[in-house]
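A.B. asks: Got a structure for you, questions after.
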Amino acid sequence: MKKRLTTFIWLLMAFGIQSQAQDFESATDAVKNMGVGWNLGNTLDANNQTVSDITNDAYWGQQGLDSETCWGQPYTTKEFIQMMKKAGFTAIRVPVTWYNHLDKDGNVNKEWMKRVKEVVGYVISEGLYCILNVHHDTGADSKDANGKLTGYHWIKADADNYTGNMDRYVKLWSQIAEEFKDYGQTLLFEAYNEMLDGNSCWNYPTFGMDFDADYEKKSLEAVNSYAQSFVSTVRLSGGNNATRNLIVNPYAAASGGVWGNNTHPQDPLEQLVLPTDESKDHLIVEVHSYPEITKGLSSAKSGLDWTFNNLKEKIIDRLNVPLIIGEWGTSNVDNGSDYIDRRETMIGFCDYFVKKAKEYGIATFYWMGLSDGNARKELVFNQPDLAETITKAYHGDDFKGEYPAKETPSEGVIFEGEQMLEWGSAINIAADLFTNLSDASTVEITYVQQYDQFEKEDDRYGMMQFWYNDWSTMINVTAEGQTYNGDFVPSDVYGTESGTEHVTTFSFDEETFHNFKKKGMLFQGHGIIVKKVVLNGVAEEQEPPQGGGDSEVFWEGNEVMDWGDGLQLTVPAENFAAHGQDVRLTLQYTIDMNGDSDYNMIQLFYGDWSTNPSFIIDGQTIDKEFRPTDLNGAGNGDVCTTTMTFSEDVMKIILEKGIVMQGHGLRLNKVILETPSGIKTVLKAKSNDGAIYNLAGQRVYNPQKGIYIKNGKKYIVK
């Protein structure tokens, strides 16, 4: 027995399992091995404040374990982390907010720490890297319309704030470090998230205000002070924390920039001081990046080229330290509009972002989307193509990841049971249920008028209202051949009384349905018992590729063209040059004559606005402008695609000046530059009025034998 015990102790010593610190990989190796990551956002970082006064002891410890779901995400499970691993993600950043689980003396609630360790364990046990941080303890304060403080973040880039909070901050990190000091090298600590000044300014201190150099200097010094306190505290805790890789962020986790003559966005990068660290080569710098992509993929790529080169110069080379992008996406990533409105550009942007970061040796952590809300509980992606794009951009096109997606059945039961609609009691349909459906989809509701139980005469009515899920707008619905603006009252529609059951099918216009994909839908009411809600989904048609050669989605969105008051879009000369002399310019747009006029028009100019070039549409040369309704036979609300080519003489000037386009009475949706492949693209009008068009987009009233377009689909007359 003694011999076996001696042997066991010897083995512990031989394999380094004793309590002394392990010799961890360098920060550079850790960044390389982290590879491609994802943020478990709006989960352990979610928080609600009922007390915003930091001087009130009740500010601290305002929530229990239910905070994890207070922003609409389900409880995280090990199975969900396994799904992310199978998709190809090699690291998970776990943002955690702590103030709502601290007592007034700075002690972390034991049950909260236990839950944090549980989620970190899910990540570590799958062999993934894990970043644990202090998240919404920093950030922008919020006020209501009357200027009353509704949200306060206790850690700020402010000298007095640092002095007043240093002890609490050190105590917090001492507790975290102690709990995790025996974890291996795949766990990293991040000091703080996006630390802002006392005015909650993004990008750099005093941004949006009169610039104050002295104020900025003190704010940026406070960030450096917090970073130093973090590193010193963790190292002092001993164990594996002696060589654990640690992460610090510049002010606002800003990624820098130069805006015209304003170079101050560079200040957070240039004035970040790397903390003094007794452990060599174990520090990492983190920034965040959310560029906008509404100007098209080419513009987004150019911006990323500049950003990565700037980060290399200002951080990697200047400080001789590895870098990660701990959060990234687009400027609209939180509301999902880029994924819905400009999918091709979004896919191209994400592919380029990850590949470019890898080229610079930078690890990336996509912010939150991909699997969101109930999809996480169902273990599916609601943006599976984007998840695949991101992981394949890192691992290579041959990577075989798993991307389970939510199936949208032709008849999906959203709700079944009995629920009385009373004000404040609503039924929600999540945005991801609409993602791959067309606006021909409908919502069918089975319900009973039930209002005779109310004593007051004024309460004896039944009605429904339809809203977006964010309660921003009450929407119009169409039922029984009529459109209702606001209230839908069954007794008015059907002439029936309390106790009557109905099955009503509701449909929606194209713009409303498009917004469902970003916001979801809800309905509330009074005196109605809902028994069943069915989403009758019609799959969205995927348009065939235009042409077949190399193409570039230059711009994607949903912008009104109204001469100088609307969108005016420039396509630079270099973008045309990239596609050659025979480049095709394709515009996708929606006719939108809003009632102020009865015409629509598109005009082209050379990029210097000097002259209108001529262009060719289906063999017809047009000097300066055209009316889509005349050319296409399209009507108000129709979605059209027009492809233009140019003569050799015109193209010579375009290759020098580029093109500017403007217009009126329409909304531009997409601009594509395309290298021809010999396959002719056709102009088509999408309409659901039964009208028939030939392949040139001209309306035909007596079609002969051939192929036509009807309601946006191929229509064959034999």
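For the structure tokens, the naming scheme is as follows: chains receive sequential letters (A, B, ...) according to their order of presentation, residues are indexed from 1 within each chain, and ligands are indexed from 1 in presentation order.
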Which neighbours of region 654-670 of chain A fall inside 6 Å, counting only C-alpha atoms, when residues of the same chain fewer than 3 positions from it are skipped, and could you give them as a PyMOL selection string?

C.D. replies: chain A and resi 555-563+568-573+587-593+600-607+651

A.B. asks: Show which residues sit within 8 Å of Asn48 (chain A), as a PyMOL selection string. Count only C-alpha atoms, and ignore same-chain residues fewer than 5 positions away.

C.D. replies: chain A and resi 62-63+67+70

A.B. asks: Using only C-alpha atoms, find each residue of region 14-74 of chain A with at least one atom at most 8 Å away from an atom of region 136-145 of chain A; report its shortest atom-to-atom pair and that distance in Å (one decimal), sort the rows by chain and rising residue number, and return the result as a tab-separated table.

C.D. replies:
```
residue	atom	partner	partner_atom	distance
A:Asp45	CA	A:His136	CA	6.4
A:Ala46	CA	A:His136	CA	8.0
A:Asn47	CA	A:His136	CA	8.0
```

A.B. asks: Compile the contact shell of Ala426 (chain A) as a count of residues only: residues with an atom at most 7 Å away, counting only C-alpha atoms, same-chain residues fewer than 3 positions apart removed.

C.D. replies: 4

A.B. asks: Taking only region 176-410 of chain A into account, list the residues labelled strand (DSSP E) by DSSP (computed from the backbone), as a ChimeraX atom specification.

C.D. replies: /A:187-190,246-248,283-289,323-328,363-366

A.B. asks: Calculated over only C-alpha atoms, which of the candidates A:Gln620, A:Gln465, A:Gln453, A:Asn476 has the smallest distance to Ser425 (chain A)?

C.D. replies: A:Gln465

A.B. asks: If you count only C-alpha atoms, which residues fall within 12 Å of Phe415 (chain A), apart from same-chain ones fewer than 2 positions away, as a list in words?

C.D. replies: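 The neighbour list is Gly412, Val413, Gly417, Glu418, Gln419, Ala426, Ile427, Asn428, Ile429, Ala430, Val443, Glu444, Ile445, Thr446, Tyr447, Val530, Lys531, Lys532, Val533, Val534 and Leu535 of chain A.
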
A.B. asks: For the selection you just gave me, I'd like the residues written to a file as a compact mmCIF listing (two decimals), in the first residue's frame, keeping all heavy atoms.

C.D. replies:
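After the write, part-v2.txt holds the following:
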```txt
# COMPACT_ATOMS: atom_id res chain seq x y z
N GLY A 412 -46.67 25.32 -40.01
CA GLY A 412 -46.01 25.29 -38.71
C GLY A 412 -46.94 25.80 -37.63
O GLY A 412 -47.42 26.93 -37.68
N VAL A 413 -47.23 24.96 -36.64
CA VAL A 413 -48.08 25.36 -35.52
C VAL A 413 -47.22 26.15 -34.54
O VAL A 413 -46.30 25.62 -33.92
CB VAL A 413 -48.71 24.14 -34.83
CG1 VAL A 413 -49.52 24.59 -33.62
CG2 VAL A 413 -49.57 23.36 -35.80
N GLY A 417 -53.51 25.79 -27.77
CA GLY A 417 -53.97 25.77 -26.39
C GLY A 417 -55.12 26.73 -26.22
O GLY A 417 -55.99 26.82 -27.09
N GLU A 418 -55.13 27.48 -25.13
CA GLU A 418 -56.13 28.53 -24.92
C GLU A 418 -55.47 29.69 -24.20
O GLU A 418 -54.95 29.53 -23.10
CB GLU A 418 -57.33 28.02 -24.10
CG GLU A 418 -58.27 27.12 -24.87
CD GLU A 418 -59.62 26.96 -24.16
OE1 GLU A 418 -59.79 27.58 -23.09
OE2 GLU A 418 -60.47 26.23 -24.69
N GLN A 419 -55.43 30.83 -24.85
CA GLN A 419 -54.86 32.02 -24.24
C GLN A 419 -55.78 33.21 -24.50
O GLN A 419 -56.07 33.54 -25.64
CB GLN A 419 -53.47 32.33 -24.78
CG GLN A 419 -52.86 33.59 -24.16
CD GLN A 419 -51.40 33.77 -24.51
OE1 GLN A 419 -50.66 32.80 -24.65
NE2 GLN A 419 -50.98 35.01 -24.66
N ALA A 426 -49.48 38.99 -24.96
CA ALA A 426 -49.35 38.88 -26.41
C ALA A 426 -48.81 37.51 -26.79
O ALA A 426 -48.20 36.81 -25.97
CB ALA A 426 -48.44 39.97 -26.96
N ILE A 427 -49.02 37.13 -28.04
CA ILE A 427 -48.42 35.91 -28.61
C ILE A 427 -47.38 36.35 -29.63
O ILE A 427 -47.67 37.17 -30.52
CB ILE A 427 -49.50 35.02 -29.26
CG1 ILE A 427 -50.41 34.44 -28.16
CG2 ILE A 427 -48.85 33.89 -30.06
CD1 ILE A 427 -51.52 33.56 -28.67
N ASN A 428 -46.17 35.82 -29.50
CA ASN A 428 -45.06 36.24 -30.34
C ASN A 428 -44.73 35.18 -31.38
O ASN A 428 -44.79 33.97 -31.10
CB ASN A 428 -43.80 36.48 -29.49
CG ASN A 428 -44.01 37.55 -28.44
OD1 ASN A 428 -45.02 38.24 -28.44
ND2 ASN A 428 -43.05 37.70 -27.55
N ILE A 429 -44.32 35.64 -32.56
CA ILE A 429 -43.76 34.77 -33.59
C ILE A 429 -42.35 35.29 -33.86
O ILE A 429 -42.17 36.42 -34.31
CB ILE A 429 -44.60 34.78 -34.88
CG1 ILE A 429 -46.04 34.37 -34.57
CG2 ILE A 429 -43.99 33.83 -35.91
CD1 ILE A 429 -46.95 34.35 -35.79
N ALA A 430 -41.34 34.48 -33.55
CA ALA A 430 -39.95 34.91 -33.62
C ALA A 430 -39.52 35.22 -35.05
O ALA A 430 -40.01 34.62 -36.01
CB ALA A 430 -39.03 33.84 -33.03
N VAL A 443 -50.52 33.89 -41.84
CA VAL A 443 -50.70 33.44 -40.47
C VAL A 443 -52.19 33.14 -40.27
O VAL A 443 -53.04 34.00 -40.50
CB VAL A 443 -50.24 34.51 -39.46
CG1 VAL A 443 -50.58 34.08 -38.03
CG2 VAL A 443 -48.74 34.75 -39.59
N GLU A 444 -52.48 31.91 -39.86
CA GLU A 444 -53.86 31.47 -39.68
C GLU A 444 -54.13 31.34 -38.18
O GLU A 444 -53.42 30.62 -37.47
CB GLU A 444 -54.06 30.13 -40.38
CG GLU A 444 -55.44 29.54 -40.24
CD GLU A 444 -55.50 28.15 -40.84
OE1 GLU A 444 -55.54 28.03 -42.09
OE2 GLU A 444 -55.47 27.18 -40.06
N ILE A 445 -55.16 32.04 -37.70
CA ILE A 445 -55.47 32.06 -36.27
C ILE A 445 -56.86 31.49 -36.03
O ILE A 445 -57.84 31.92 -36.66
CB ILE A 445 -55.38 33.48 -35.70
CG1 ILE A 445 -53.99 34.09 -35.99
CG2 ILE A 445 -55.66 33.49 -34.20
CD1 ILE A 445 -53.84 35.51 -35.51
N THR A 446 -56.92 30.50 -35.16
CA THR A 446 -58.21 29.97 -34.69
C THR A 446 -58.49 30.57 -33.33
O THR A 446 -57.66 30.49 -32.42
CB THR A 446 -58.15 28.43 -34.58
OG1 THR A 446 -57.80 27.88 -35.86
CG2 THR A 446 -59.50 27.88 -34.15
N TYR A 447 -59.67 31.19 -33.18
CA TYR A 447 -59.95 31.93 -31.94
C TYR A 447 -61.45 31.99 -31.69
O TYR A 447 -62.28 31.71 -32.56
CB TYR A 447 -59.39 33.35 -32.04
CG TYR A 447 -59.95 34.15 -33.19
CD1 TYR A 447 -61.03 35.01 -33.03
CD2 TYR A 447 -59.41 34.01 -34.47
CE1 TYR A 447 -61.56 35.73 -34.09
CE2 TYR A 447 -59.92 34.71 -35.55
CZ TYR A 447 -60.99 35.57 -35.35
OH TYR A 447 -61.52 36.27 -36.42
N VAL A 530 -57.40 32.82 -28.00
CA VAL A 530 -56.68 32.20 -29.10
C VAL A 530 -56.50 30.72 -28.81
O VAL A 530 -56.05 30.33 -27.73
CB VAL A 530 -55.31 32.88 -29.31
CG1 VAL A 530 -54.54 32.19 -30.42
CG2 VAL A 530 -55.50 34.35 -29.64
N LYS A 531 -56.84 29.88 -29.80
CA LYS A 531 -56.74 28.43 -29.63
C LYS A 531 -55.62 27.82 -30.46
O LYS A 531 -55.05 26.80 -30.08
CB LYS A 531 -58.08 27.78 -29.99
CG LYS A 531 -59.24 28.30 -29.13
CD LYS A 531 -60.56 27.66 -29.50
CE LYS A 531 -60.63 26.21 -29.05
NZ LYS A 531 -61.98 25.62 -29.28
N LYS A 532 -55.31 28.45 -31.60
CA LYS A 532 -54.28 27.88 -32.45
C LYS A 532 -53.74 28.96 -33.38
O LYS A 532 -54.50 29.79 -33.89
CB LYS A 532 -54.83 26.71 -33.28
CG LYS A 532 -53.78 25.89 -34.02
CD LYS A 532 -54.44 24.69 -34.70
CE LYS A 532 -53.43 23.79 -35.37
NZ LYS A 532 -54.08 22.63 -36.03
N VAL A 533 -52.42 28.95 -33.58
CA VAL A 533 -51.77 29.86 -34.52
C VAL A 533 -50.89 29.03 -35.45
O VAL A 533 -50.03 28.28 -34.99
CB VAL A 533 -50.92 30.92 -33.80
CG1 VAL A 533 -50.28 31.87 -34.82
CG2 VAL A 533 -51.76 31.70 -32.81
N VAL A 534 -51.12 29.17 -36.74
CA VAL A 534 -50.38 28.39 -37.74
C VAL A 534 -49.71 29.35 -38.71
O VAL A 534 -50.35 30.26 -39.25
CB VAL A 534 -51.32 27.44 -38.52
CG1 VAL A 534 -50.55 26.69 -39.60
CG2 VAL A 534 -51.99 26.46 -37.56
N LEU A 535 -48.41 29.15 -38.92
CA LEU A 535 -47.68 29.90 -39.94
C LEU A 535 -47.68 29.06 -41.21
O LEU A 535 -47.02 28.01 -41.28
CB LEU A 535 -46.25 30.19 -39.48
CG LEU A 535 -45.33 30.88 -40.49
CD1 LEU A 535 -45.91 32.23 -40.92
CD2 LEU A 535 -43.94 31.07 -39.88
```

A.B. asks: Could you check which of A:Glu286, A:Glu270, A:Asp608, A:Asp432 is closest to Ile325 (chain A), using only C-alpha atoms?

C.D. replies: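 Ranked by minimum distance to Ile325 (chain A), first place goes to A:Glu286.
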
A.B. asks: As a PDB file with C-alpha atoms, in the first residue's frame, which residues of region 174-398 of chain A does DSSP assign to helix (DSSP H, G or I)?

C.D. replies:
```pdb
ATOM      1  CA  SER A 174      -9.124  38.288  -6.976  1.00  0.00           C
ATOM      2  CA  GLN A 175     -12.250  36.154  -6.553  1.00  0.00           C
ATOM      3  CA  ILE A 176     -12.415  35.184 -10.230  1.00  0.00           C
ATOM      4  CA  ALA A 177      -8.699  34.385 -10.309  1.00  0.00           C
ATOM      5  CA  GLU A 178      -8.939  32.248  -7.181  1.00  0.00           C
ATOM      6  CA  GLU A 179     -11.869  30.213  -8.544  1.00  0.00           C
ATOM      7  CA  PHE A 180     -10.126  29.445 -11.842  1.00  0.00           C
ATOM      8  CA  ALA A 213      -7.146  67.045 -24.863  1.00  0.00           C
ATOM      9  CA  ASP A 214      -6.538  67.069 -21.111  1.00  0.00           C
ATOM     10  CA  TYR A 215      -9.776  65.193 -20.409  1.00  0.00           C
ATOM     11  CA  GLU A 216      -8.932  62.613 -23.071  1.00  0.00           C
ATOM     12  CA  LYS A 217      -5.432  62.130 -21.681  1.00  0.00           C
ATOM     13  CA  LYS A 218      -6.751  61.419 -18.167  1.00  0.00           C
ATOM     14  CA  SER A 219      -9.445  59.071 -19.512  1.00  0.00           C
ATOM     15  CA  LEU A 220      -6.963  57.000 -21.501  1.00  0.00           C
ATOM     16  CA  GLU A 221      -4.581  56.896 -18.519  1.00  0.00           C
ATOM     17  CA  ALA A 222      -7.447  55.492 -16.413  1.00  0.00           C
ATOM     18  CA  VAL A 223      -7.862  52.640 -18.912  1.00  0.00           C
ATOM     19  CA  ASN A 224      -4.159  51.855 -18.591  1.00  0.00           C
ATOM     20  CA  SER A 225      -4.485  51.931 -14.789  1.00  0.00           C
ATOM     21  CA  TYR A 226      -7.362  49.448 -14.797  1.00  0.00           C
ATOM     22  CA  ALA A 227      -5.368  47.191 -17.148  1.00  0.00           C
ATOM     23  CA  GLN A 228      -2.328  47.247 -14.839  1.00  0.00           C
ATOM     24  CA  SER A 229      -4.439  46.482 -11.750  1.00  0.00           C
ATOM     25  CA  PHE A 230      -5.989  43.526 -13.560  1.00  0.00           C
ATOM     26  CA  VAL A 231      -2.658  41.979 -14.566  1.00  0.00           C
ATOM     27  CA  SER A 232      -1.059  42.511 -11.159  1.00  0.00           C
ATOM     28  CA  THR A 233      -4.066  41.048  -9.336  1.00  0.00           C
ATOM     29  CA  VAL A 234      -4.271  37.901 -11.451  1.00  0.00           C
ATOM     30  CA  ARG A 235      -0.535  37.230 -11.244  1.00  0.00           C
ATOM     31  CA  LEU A 236      -0.596  37.646  -7.462  1.00  0.00           C
ATOM     32  CA  GLY A 239      -1.312  28.773  -9.419  1.00  0.00           C
ATOM     33  CA  ASN A 240      -1.692  28.607 -13.169  1.00  0.00           C
ATOM     34  CA  ASN A 241      -2.551  32.309 -13.157  1.00  0.00           C
ATOM     35  CA  ALA A 242       1.171  33.020 -12.911  1.00  0.00           C
ATOM     36  CA  TYR A 251     -10.587  52.559 -24.683  1.00  0.00           C
ATOM     37  CA  ALA A 252     -13.999  51.326 -25.999  1.00  0.00           C
ATOM     38  CA  ALA A 253     -12.131  48.322 -27.462  1.00  0.00           C
ATOM     39  CA  HIS A 264      -8.600  61.183 -32.635  1.00  0.00           C
ATOM     40  CA  PRO A 265     -10.097  57.703 -33.266  1.00  0.00           C
ATOM     41  CA  GLN A 266      -6.448  56.601 -33.394  1.00  0.00           C
ATOM     42  CA  ASP A 267      -5.746  57.897 -29.876  1.00  0.00           C
ATOM     43  CA  PRO A 268      -7.023  54.825 -27.951  1.00  0.00           C
ATOM     44  CA  LEU A 269      -4.634  52.626 -29.940  1.00  0.00           C
ATOM     45  CA  GLU A 270      -1.668  54.985 -29.846  1.00  0.00           C
ATOM     46  CA  LEU A 297     -18.583  44.613 -50.725  1.00  0.00           C
ATOM     47  CA  SER A 298     -15.810  46.411 -52.579  1.00  0.00           C
ATOM     48  CA  SER A 299     -16.007  49.378 -50.219  1.00  0.00           C
ATOM     49  CA  ALA A 300     -16.159  47.074 -47.176  1.00  0.00           C
ATOM     50  CA  LYS A 301     -13.067  45.178 -48.322  1.00  0.00           C
ATOM     51  CA  SER A 302     -11.110  48.397 -48.804  1.00  0.00           C
ATOM     52  CA  GLY A 303     -12.062  49.479 -45.302  1.00  0.00           C
ATOM     53  CA  LEU A 304     -10.936  46.159 -43.834  1.00  0.00           C
ATOM     54  CA  ASP A 305      -7.606  46.344 -45.665  1.00  0.00           C
ATOM     55  CA  TRP A 306      -6.944  49.709 -44.043  1.00  0.00           C
ATOM     56  CA  THR A 307      -8.125  48.585 -40.594  1.00  0.00           C
ATOM     57  CA  PHE A 308      -5.994  45.447 -40.432  1.00  0.00           C
ATOM     58  CA  ASN A 309      -2.914  47.274 -41.658  1.00  0.00           C
ATOM     59  CA  ASN A 310      -3.509  50.026 -39.098  1.00  0.00           C
ATOM     60  CA  LEU A 311      -3.947  47.511 -36.254  1.00  0.00           C
ATOM     61  CA  LYS A 312      -0.700  45.840 -37.235  1.00  0.00           C
ATOM     62  CA  GLU A 313       1.115  49.165 -37.122  1.00  0.00           C
ATOM     63  CA  LYS A 314      -0.490  50.644 -34.001  1.00  0.00           C
ATOM     64  CA  ILE A 315      -0.764  47.528 -31.815  1.00  0.00           C
ATOM     65  CA  ILE A 316       1.013  44.406 -33.073  1.00  0.00           C
ATOM     66  CA  ASP A 317       4.249  46.088 -34.215  1.00  0.00           C
ATOM     67  CA  ARG A 318       4.312  49.034 -31.783  1.00  0.00           C
ATOM     68  CA  LEU A 319       3.670  46.965 -28.656  1.00  0.00           C
ATOM     69  CA  SER A 337     -30.859  43.747 -41.226  1.00  0.00           C
ATOM     70  CA  ASP A 338     -27.602  43.167 -43.107  1.00  0.00           C
ATOM     71  CA  TYR A 339     -28.244  39.421 -43.127  1.00  0.00           C
ATOM     72  CA  ILE A 340     -31.799  39.953 -44.376  1.00  0.00           C
ATOM     73  CA  ASP A 341     -31.380  42.998 -46.636  1.00  0.00           C
ATOM     74  CA  ARG A 343     -27.244  38.680 -47.732  1.00  0.00           C
ATOM     75  CA  GLU A 344     -24.677  38.323 -50.528  1.00  0.00           C
ATOM     76  CA  THR A 345     -22.669  41.290 -49.291  1.00  0.00           C
ATOM     77  CA  MET A 346     -22.838  39.985 -45.717  1.00  0.00           C
ATOM     78  CA  ILE A 347     -21.572  36.553 -46.758  1.00  0.00           C
ATOM     79  CA  GLY A 348     -18.749  38.069 -48.807  1.00  0.00           C
ATOM     80  CA  PHE A 349     -17.810  40.449 -46.006  1.00  0.00           C
ATOM     81  CA  CYS A 350     -17.591  37.691 -43.374  1.00  0.00           C
ATOM     82  CA  ASP A 351     -15.545  35.466 -45.665  1.00  0.00           C
ATOM     83  CA  TYR A 352     -13.076  38.285 -46.349  1.00  0.00           C
ATOM     84  CA  PHE A 353     -12.913  39.388 -42.693  1.00  0.00           C
ATOM     85  CA  VAL A 354     -11.876  35.980 -41.359  1.00  0.00           C
ATOM     86  CA  LYS A 355      -9.409  35.306 -44.170  1.00  0.00           C
ATOM     87  CA  LYS A 356      -7.808  38.728 -43.785  1.00  0.00           C
ATOM     88  CA  ALA A 357      -7.535  38.322 -40.004  1.00  0.00           C
ATOM     89  CA  LYS A 358      -5.890  34.935 -40.423  1.00  0.00           C
ATOM     90  CA  GLU A 359      -3.423  36.469 -42.855  1.00  0.00           C
ATOM     91  CA  ASN A 374     -34.914  29.735 -29.222  1.00  0.00           C
ATOM     92  CA  ALA A 375     -32.634  28.311 -31.944  1.00  0.00           C
ATOM     93  CA  ARG A 376     -30.008  27.753 -29.262  1.00  0.00           C
ATOM     94  CA  LYS A 377     -32.458  25.659 -27.281  1.00  0.00           C
ATOM     95  CA  GLU A 378     -33.408  23.698 -30.394  1.00  0.00           C
ATOM     96  CA  PRO A 384     -26.466  28.431 -41.029  1.00  0.00           C
ATOM     97  CA  ASP A 385     -24.968  29.791 -44.261  1.00  0.00           C
ATOM     98  CA  LEU A 386     -23.194  32.541 -42.329  1.00  0.00           C
ATOM     99  CA  ALA A 387     -21.851  30.076 -39.744  1.00  0.00           C
ATOM    100  CA  GLU A 388     -20.543  27.907 -42.574  1.00  0.00           C
ATOM    101  CA  THR A 389     -18.975  30.898 -44.313  1.00  0.00           C
ATOM    102  CA  ILE A 390     -17.089  31.959 -41.175  1.00  0.00           C
ATOM    103  CA  THR A 391     -15.686  28.553 -40.238  1.00  0.00           C
ATOM    104  CA  LYS A 392     -14.788  27.580 -43.807  1.00  0.00           C
ATOM    105  CA  ALA A 393     -13.070  30.930 -44.304  1.00  0.00           C
ATOM    106  CA  TYR A 394     -10.733  29.882 -41.504  1.00  0.00           C
ATOM    107  CA  HIS A 395     -10.407  26.116 -42.003  1.00  0.00           C
TER     108      HIS A 395
END
```

A.B. asks: Smallest atom-to-atom distance to Leu132 (chain A): which of A:Leu585, A:Ile92, A:Met464, A:Leu283, using only C-alpha atoms?

C.D. replies: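 Counting only C-alpha atoms, the residue closest to Leu132 (chain A) is A:Ile92.
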
A.B. asks: May I have the residues within 7 Å of Phe615 (chain A) as a list of chain:residue names, using only C-alpha atoms and disregarding those fewer than 4 positions away in the same chain?

C.D. replies: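 The neighbour list is A:Thr621, A:Ile622, A:Asp623, A:Met644, A:Thr645, A:Phe646.
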
A.B. asks: Identify which of the residues A:Gly88, A:Pro205, A:Gly72, A:Gly121 lies closest to Glu402 (chain A), counting only C-alpha atoms when measuring atom-to-atom distances.

C.D. replies: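 For Glu402 (chain A), the nearest of the given residues is A:Gly88.
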
A.B. asks: Within 10 Å of region 93-108 of chain A, which residues of region 291-387 of chain A show up? Give each one with its shortest atom-to-atom distance in Å (one decimal) and the two atoms involved, counting only C-alpha atoms, rows by chain then rising residue number, as CSV.

C.D. replies:
```
residue,atom,partner,partner_atom,distance
A:Gly326,CA,A:Arg93,CA,7.5
A:Glu327,CA,A:Arg93,CA,9.0
A:Phe365,CA,A:Arg93,CA,7.1
A:Tyr366,CA,A:Arg93,CA,9.3
A:Trp367,CA,A:Arg93,CA,9.3
A:Met368,CA,A:Arg93,CA,9.7
```

A.B. asks: Could you check which of A:Ile324, A:Leu272, A:Val650, A:Met113 is closest to His288 (chain A), using only C-alpha atoms?

C.D. replies: A:Ile324
